[in-house]
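Below is the file target-v1.cif, which contains mmCIF, C-alpha atoms, pLDDT in the B column; chains and numbers go by the auth columns.
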data_data
#
loop_
_atom_site.group_PDB
_atom_site.id
_atom_site.type_symbol
_atom_site.label_atom_id
_atom_site.label_comp_id
_atom_site.label_asym_id
_atom_site.label_seq_id
_atom_site.Cartn_x
_atom_site.Cartn_y
_atom_site.Cartn_z
_atom_site.B_iso_or_equiv
_atom_site.auth_seq_id
_atom_site.auth_asym_id
ATOM 1 C CA MET A 1 -59.557 7.816 34.875 47.00 1 T
ATOM 2 C CA VAL A 2 -56.831 9.288 32.656 53.00 2 T
ATOM 3 C CA ALA A 3 -57.260 8.851 28.914 52.00 3 T
ATOM 4 C CA GLU A 4 -54.187 7.593 27.087 52.00 4 T
ATOM 5 C CA PRO A 5 -53.372 9.083 23.711 54.00 5 T
ATOM 6 C CA GLU A 6 -53.906 6.961 20.594 58.00 6 T
ATOM 7 C CA ASN A 7 -50.324 7.319 19.435 61.00 7 T
ATOM 8 C CA LYS A 8 -47.810 6.872 22.185 58.00 8 T
ATOM 9 C CA ALA A 9 -45.149 9.127 20.718 53.00 9 T
ATOM 10 C CA THR A 10 -41.940 10.041 22.458 52.00 10 T
ATOM 11 C CA PHE A 11 -40.987 13.702 22.402 53.00 11 T
ATOM 12 C CA TYR A 12 -37.385 14.720 22.801 63.00 12 T
ATOM 13 C CA GLN A 13 -36.380 18.155 23.993 75.00 13 T
ATOM 14 C CA TYR A 14 -33.146 19.322 22.415 75.00 14 T
ATOM 15 C CA ARG A 15 -31.564 22.685 23.134 82.00 15 T
ATOM 16 C CA LEU A 16 -29.518 24.184 20.294 83.00 16 T
ATOM 17 C CA LEU A 17 -26.115 25.284 21.552 84.00 17 T
ATOM 18 C CA LYS A 18 -24.210 25.995 18.366 85.00 18 T
ATOM 19 C CA LYS A 19 -24.971 26.174 14.686 86.00 19 T
ATOM 20 C CA LYS A 20 -22.562 26.638 11.793 87.00 20 T
ATOM 21 C CA VAL A 21 -23.994 27.505 8.393 89.00 21 T
ATOM 22 C CA ILE A 22 -22.062 26.142 5.429 87.00 22 T
ATOM 23 C CA ALA A 23 -21.755 28.753 2.686 88.00 23 T
ATOM 24 C CA ARG A 24 -22.450 27.702 -0.899 90.00 24 T
ATOM 25 C CA SER A 25 -19.158 29.229 -2.009 91.00 25 T
ATOM 26 C CA VAL A 26 -17.306 26.887 0.343 89.00 26 T
ATOM 27 C CA ILE A 27 -19.127 23.875 -1.085 90.00 27 T
ATOM 28 C CA TYR A 28 -18.402 24.959 -4.664 91.00 28 T
ATOM 29 C CA SER A 29 -14.726 25.488 -3.826 92.00 29 T
ATOM 30 C CA TYR A 30 -14.687 22.091 -2.168 92.00 30 T
ATOM 31 C CA LEU A 31 -16.170 20.526 -5.319 92.00 31 T
ATOM 32 C CA CYS A 32 -13.463 22.106 -7.484 94.00 32 T
ATOM 33 C CA LEU A 33 -10.667 20.291 -5.661 94.00 33 T
ATOM 34 C CA PRO A 34 -11.256 16.865 -7.306 94.00 34 T
ATOM 35 C CA ILE A 35 -11.252 18.520 -10.750 93.00 35 T
ATOM 36 C CA ILE A 36 -7.933 20.194 -10.000 93.00 36 T
ATOM 37 C CA MET A 37 -6.503 16.908 -8.717 92.00 37 T
ATOM 38 C CA LEU A 38 -7.769 15.081 -11.794 91.00 38 T
ATOM 39 C CA PHE A 39 -5.886 17.519 -14.051 91.00 39 T
ATOM 40 C CA PHE A 40 -2.783 17.119 -11.904 90.00 40 T
ATOM 41 C CA ASN A 41 -3.015 13.325 -12.231 89.00 41 T
ATOM 42 C CA LEU A 42 -3.423 13.612 -15.997 89.00 42 T
ATOM 43 C CA LEU A 43 -0.349 15.846 -16.265 89.00 43 T
ATOM 44 C CA ALA A 44 1.810 13.818 -13.891 85.00 44 T
ATOM 45 C CA PHE A 45 0.799 10.247 -14.742 85.00 45 T
ATOM 46 C CA SER A 46 -1.038 10.511 -18.118 85.00 46 T
ATOM 47 C CA TRP A 47 -3.923 8.069 -18.645 87.00 47 T
ATOM 48 C CA MET A 48 -2.818 5.832 -15.813 87.00 48 T
ATOM 49 C CA GLY A 49 -3.440 8.777 -13.486 86.00 49 T
ATOM 50 C CA LEU A 50 -6.986 9.172 -14.808 89.00 50 T
ATOM 51 C CA LEU A 51 -7.762 5.484 -14.305 91.00 51 T
ATOM 52 C CA SER A 52 -6.234 5.516 -10.819 91.00 52 T
ATOM 53 C CA PHE A 53 -8.173 8.620 -9.843 93.00 53 T
ATOM 54 C CA VAL A 54 -11.500 7.177 -11.005 93.00 54 T
ATOM 55 C CA LEU A 55 -10.901 3.834 -9.246 94.00 55 T
ATOM 56 C CA ALA A 56 -9.585 5.314 -5.999 94.00 56 T
ATOM 57 C CA GLY A 57 -12.759 7.307 -5.241 93.00 57 T
ATOM 58 C CA PRO A 58 -15.175 4.383 -4.829 94.00 58 T
ATOM 59 C CA ILE A 59 -12.504 2.273 -3.135 94.00 59 T
ATOM 60 C CA THR A 60 -11.905 5.010 -0.547 95.00 60 T
ATOM 61 C CA ILE A 61 -15.638 5.392 0.086 94.00 61 T
ATOM 62 C CA TRP A 62 -15.877 1.623 0.543 95.00 62 T
ATOM 63 C CA ILE A 63 -12.927 1.621 2.990 94.00 63 T
ATOM 64 C CA HIS A 64 -14.592 4.393 5.011 94.00 64 T
ATOM 65 C CA TYR A 65 -17.867 2.465 5.029 94.00 65 T
ATOM 66 C CA VAL A 66 -16.278 -0.767 6.236 94.00 66 T
ATOM 67 C CA ILE A 67 -14.344 0.962 9.021 94.00 67 T
ATOM 68 C CA SER A 68 -17.294 3.032 10.263 92.00 68 T
ATOM 69 C CA ARG A 69 -19.771 0.155 10.046 91.00 69 T
ATOM 70 C CA THR A 70 -17.397 -2.119 11.959 91.00 70 T
ATOM 71 C CA ILE A 71 -16.882 0.438 14.720 91.00 71 T
ATOM 72 C CA LEU A 72 -20.617 1.087 15.010 88.00 72 T
ATOM 73 C CA LEU A 73 -21.366 -2.648 15.215 89.00 73 T
ATOM 74 C CA LEU A 74 -18.646 -3.239 17.800 89.00 74 T
ATOM 75 C CA VAL A 75 -19.886 -0.451 20.044 85.00 75 T
ATOM 76 C CA ARG A 76 -23.649 -0.863 19.726 76.00 76 T
ATOM 77 C CA SER A 77 -25.698 -2.284 16.883 68.00 77 T
ATOM 78 C CA SER A 78 -28.481 0.273 17.408 70.00 78 T
ATOM 79 C CA TYR A 79 -26.144 3.015 16.172 71.00 79 T
ATOM 80 C CA THR A 80 -26.104 1.544 12.670 70.00 80 T
ATOM 81 C CA LYS A 81 -29.798 2.373 12.249 78.00 81 T
ATOM 82 C CA ARG A 82 -29.001 6.068 12.519 80.00 82 T
ATOM 83 C CA TRP A 83 -26.414 6.094 9.724 85.00 83 T
ATOM 84 C CA ARG A 84 -27.252 6.223 6.016 88.00 84 T
ATOM 85 C CA TRP A 85 -25.577 6.708 2.667 88.00 85 T
ATOM 86 C CA SER A 86 -25.556 10.313 1.567 87.00 86 T
ATOM 87 C CA LEU A 87 -24.872 11.877 -1.806 86.00 87 T
ATOM 88 C CA ARG A 88 -25.412 15.458 -0.664 85.00 88 T
ATOM 89 C CA MET A 89 -22.436 17.754 -0.440 85.00 89 T
ATOM 90 C CA PRO A 90 -20.308 18.108 1.619 86.00 90 T
ATOM 91 C CA TRP A 91 -21.449 14.931 3.420 87.00 91 T
ATOM 92 C CA LEU A 92 -20.626 12.366 0.777 88.00 92 T
ATOM 93 C CA GLY A 93 -20.545 8.797 2.073 88.00 93 T
ATOM 94 C CA TYR A 94 -21.820 7.010 5.152 88.00 94 T
ATOM 95 C CA ILE A 95 -22.922 9.580 7.767 88.00 95 T
ATOM 96 C CA PRO A 96 -25.471 9.947 10.573 87.00 96 T
ATOM 97 C CA ASP A 97 -28.849 11.104 9.280 84.00 97 T
ATOM 98 C CA GLN A 98 -30.451 11.845 12.664 83.00 98 T
ATOM 99 C CA HIS A 99 -29.334 13.439 15.889 84.00 99 T
ATOM 100 C CA PHE A 100 -26.250 11.474 16.818 86.00 100 T
ATOM 101 C CA SER A 101 -23.857 11.402 19.760 87.00 101 T
ATOM 102 C CA TYR A 102 -20.967 13.807 19.253 89.00 102 T
ATOM 103 C CA ARG A 103 -18.618 11.533 21.200 90.00 103 T
ATOM 104 C CA MET A 104 -19.421 8.585 18.938 89.00 104 T
ATOM 105 C CA PHE A 105 -19.111 10.767 15.817 89.00 105 T
ATOM 106 C CA VAL A 106 -15.597 11.763 16.890 91.00 106 T
ATOM 107 C CA ARG A 107 -14.659 8.187 17.717 91.00 107 T
ATOM 108 C CA VAL A 108 -15.820 6.839 14.349 91.00 108 T
ATOM 109 C CA HIS A 109 -14.195 9.532 12.237 92.00 109 T
ATOM 110 C CA LEU A 110 -10.859 9.623 14.023 93.00 110 T
ATOM 111 C CA ASN A 111 -10.671 5.848 13.618 94.00 111 T
ATOM 112 C CA ILE A 112 -11.557 6.204 9.930 94.00 112 T
ATOM 113 C CA CYS A 113 -8.757 8.745 9.610 94.00 113 T
ATOM 114 C CA TRP A 114 -6.011 6.620 11.182 95.00 114 T
ATOM 115 C CA ILE A 115 -7.091 3.167 10.013 95.00 115 T
ATOM 116 C CA GLY A 116 -7.655 4.523 6.497 93.00 116 T
ATOM 117 C CA LEU A 117 -4.144 5.999 6.438 94.00 117 T
ATOM 118 C CA CYS A 118 -2.735 2.651 7.613 93.00 118 T
ATOM 119 C CA ILE A 119 -4.572 0.805 4.829 92.00 119 T
ATOM 120 C CA ILE A 120 -3.333 3.321 2.246 92.00 120 T
ATOM 121 C CA THR A 121 0.219 2.901 3.576 91.00 121 T
ATOM 122 C CA VAL A 122 -0.050 -0.858 3.101 91.00 122 T
ATOM 123 C CA CYS A 123 -1.387 -0.280 -0.441 85.00 123 T
ATOM 124 C CA LEU A 124 1.666 1.894 -1.125 85.00 124 T
ATOM 125 C CA ILE A 125 3.817 -1.223 -1.263 86.00 125 T
ATOM 126 C CA TRP A 126 1.844 -2.962 -4.027 88.00 126 T
ATOM 127 C CA SER A 127 0.059 -0.266 -5.993 89.00 127 T
ATOM 128 C CA PRO A 128 1.349 2.327 -8.474 90.00 128 T
ATOM 129 C CA LEU A 129 2.248 5.764 -7.217 89.00 129 T
ATOM 130 C CA SER A 130 -0.646 7.434 -9.071 90.00 130 T
ATOM 131 C CA PHE A 131 -3.161 5.153 -7.350 92.00 131 T
ATOM 132 C CA THR A 132 -1.644 5.827 -3.923 92.00 132 T
ATOM 133 C CA PHE A 133 -1.774 9.594 -4.474 92.00 133 T
ATOM 134 C CA ALA A 134 -5.395 9.285 -5.566 93.00 134 T
ATOM 135 C CA LEU A 135 -6.268 7.208 -2.479 94.00 135 T
ATOM 136 C CA ILE A 136 -4.641 9.776 -0.205 95.00 136 T
ATOM 137 C CA PHE A 137 -6.444 12.630 -1.958 95.00 137 T
ATOM 138 C CA TRP A 138 -9.905 10.982 -1.757 95.00 138 T
ATOM 139 C CA HIS A 139 -9.322 9.939 1.850 96.00 139 T
ATOM 140 C CA ILE A 140 -8.425 13.466 2.938 96.00 140 T
ATOM 141 C CA TRP A 141 -11.075 15.068 0.714 95.00 141 T
ATOM 142 C CA LEU A 142 -13.850 12.939 2.191 94.00 142 T
ATOM 143 C CA LEU A 143 -12.696 13.499 5.774 94.00 143 T
ATOM 144 C CA VAL A 144 -12.123 17.274 5.680 93.00 144 T
ATOM 145 C CA PRO A 145 -15.792 18.253 6.328 91.00 145 T
ATOM 146 C CA ARG A 146 -16.101 15.736 9.145 91.00 146 T
ATOM 147 C CA LEU A 147 -12.832 16.784 10.755 91.00 147 T
ATOM 148 C CA TYR A 148 -13.978 20.395 10.426 90.00 148 T
ATOM 149 C CA VAL A 149 -17.086 19.504 12.468 89.00 149 T
ATOM 150 C CA ILE A 150 -14.897 17.873 15.110 90.00 150 T
ATOM 151 C CA LEU A 151 -12.630 20.932 15.233 90.00 151 T
ATOM 152 C CA PHE A 152 -15.576 23.349 15.246 88.00 152 T
ATOM 153 C CA LEU A 153 -17.161 21.581 18.225 88.00 153 T
ATOM 154 C CA SER A 154 -13.971 20.703 20.091 86.00 154 T
ATOM 155 C CA ARG A 155 -14.583 23.223 22.914 86.00 155 T
ATOM 156 C CA GLU A 156 -18.191 22.165 23.489 83.00 156 T
ATOM 157 C CA ARG A 157 -19.413 19.574 25.963 84.00 157 T
ATOM 158 C CA LYS A 158 -18.778 16.044 24.761 84.00 158 T
ATOM 159 C CA ASP A 159 -22.203 14.669 25.729 86.00 159 T
ATOM 160 C CA GLY A 160 -24.117 16.594 23.066 87.00 160 T
ATOM 161 C CA LEU A 161 -25.777 15.561 19.852 89.00 161 T
ATOM 162 C CA ILE A 162 -25.007 16.683 16.329 90.00 162 T
ATOM 163 C CA LYS A 163 -27.259 16.995 13.312 89.00 163 T
ATOM 164 C CA LEU A 164 -25.793 17.324 9.823 88.00 164 T
ATOM 165 C CA THR A 165 -27.765 18.906 6.999 86.00 165 T
ATOM 166 C CA ASN A 166 -26.545 20.179 3.650 84.00 166 T
ATOM 167 C CA GLN A 167 -26.892 23.782 4.860 85.00 167 T
ATOM 168 C CA ASP A 168 -25.533 23.586 8.406 88.00 168 T
ATOM 169 C CA VAL A 169 -24.083 21.681 11.334 89.00 169 T
ATOM 170 C CA SER A 170 -26.099 21.895 14.554 88.00 170 T
ATOM 171 C CA TYR A 171 -25.006 20.943 18.060 89.00 171 T
ATOM 172 C CA TYR A 172 -27.650 20.149 20.668 89.00 172 T
ATOM 173 C CA LEU A 173 -27.891 19.153 24.305 86.00 173 T
ATOM 174 C CA GLN A 174 -30.647 16.925 25.526 78.00 174 T
#
In structure tokens, what does this structure look like?
Amino acid sequence: MVAEPENKATFYQYRLLKKKVIARSVIYSYLCLPIIMLFFNLLAFSWMGLLSFVLAGPITIWIHYVISRTILLLVRSSYTKRWRWSLRMPWLGYIPDQHFSYRMFVRVHLNICWIGLCIITVCLIWSPLSFTFALIFWHIWLLVPRLYVILFLSRERKDGLIKLTNQDVSYYLQ
């Protein structure tokens, strides 16, 4: 008779194919960009630029959340359990917190990119110019690290898994 273990755990075997370490200097440079843009908004649009810049950040994060959550729910509801809110740099916003399908990561973020730009274009009609510039800046600023991951892994197999940490981006095969 074979004894069964007390805890029936599942073990996954992942093989690391590629790893990209994110340098602290890159993160600090990346964090300086909103400060530079804030000064530009103050010079170009005075106090209205400051208000627009402060409001556009959370609105852009919310737009990204709604788009990504909708795509994840439409594809498979089990994917939403693997995504969490993150305040760590450079992964600010709603991102996968476990090993996650690279193909799905690309699908979600390319849709965020294009649908977000369409929403900002529609807002261009009704909102002030300073607010539109701030929306465009936050949209691009939030997507740059994710699009960098997509570009960095573009030559790899599409059936792999990615893992994002604040120090690196890892690409695995199962």
Between atom CA of T:Asn166 and atom CA of T:Val75, what is the distance, to one decimal in Å?
->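 So the two atoms, atom CA of T:Asn166 and atom CA of T:Val75, lie 27.2 Å apart.
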Neighbour residues at most 12 Å from (-26.8, 26.9, 22.0) (all atoms listed in the file) as a ChimeraX atom specification = /T:14-20,153,156-157,160-162,170-174
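One finds atom CA of T:Arg107 at 13.0 Å from atom CA of T:Leu73.
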Output check: residues returned by the PyMOL selection byres ((chain T and resi 96) around 7), as an NGL selection string | :T and (82-84 or 95 or 97-98 or 100)
Atom CA of T:Ile59 to atom CA of T:Leu87: how many Å, to one decimal?
-> 15.7 Å
Residues in the PyMOL selection byres ((chain T and resi 88) around 12), expressed as a list in words |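 In the shown coordinates, the PyMOL selection byres ((chain T and resi 88) around 12) covers Ile27, Leu31, Arg84, Trp85, Ser86, Leu87, Met89, Pro90, Trp91, Leu92, Gly93, Tyr94, Ile95, Asp97, Leu164, Thr165, Asn166 and Gln167 of chain T.
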Let me have the centre and edge lengths of the axis-aligned box enclosing all listed atoms of stretch 114-123 of chain T with 6 Å padding on every side, in Å to one decimal, as AutoDock Vina command-line options.
--center_x -3.7 --center_y 2.9 --center_z 5.4 --size_x 19.9 --size_y 19.5 --size_z 23.6
Please provide the set of residues having any atom within 7 Å of T:His64, restricted to all atoms listed in the file, with same-chain residues fewer than 4 positions apart removed, written as a list in words.
-> Thr60, Ser68 and Ile112 of chain T
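Distance cut-off 12 Å, centre (-11.9, 17.0, 6.0), atoms counted only C-alpha atoms; the residues meeting this are Tyr30, Pro90, Trp91, Leu92, His109, Leu110, Ile112, Cys113, Ile136, Phe137, Trp138, His139, Ile140, Trp141, Leu142, Leu143, Val144, Pro145, Arg146, Leu147, Tyr148, Val149, Ile150, Leu151 and Phe152 of chain T.
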Would you please work out which residue, of T:Ile22, T:Tyr28, T:Val66, T:Ala56, is nearest to T:Ser130 when using all atoms listed in the file?
-> T:Ala56
From the set T:Arg24, T:Ile67, T:Ala134, T:Leu117, which residue has the shortest atom-to-atom contact distance to T:Leu50, counting only C-alpha atoms?
-> T:Ala134
So, counting only C-alpha atoms, which residue among T:Met104, T:Asp159, T:Gly116, T:Phe39 is closest to T:Trp62?
->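 For T:Trp62, the nearest of the candidates is T:Gly116.
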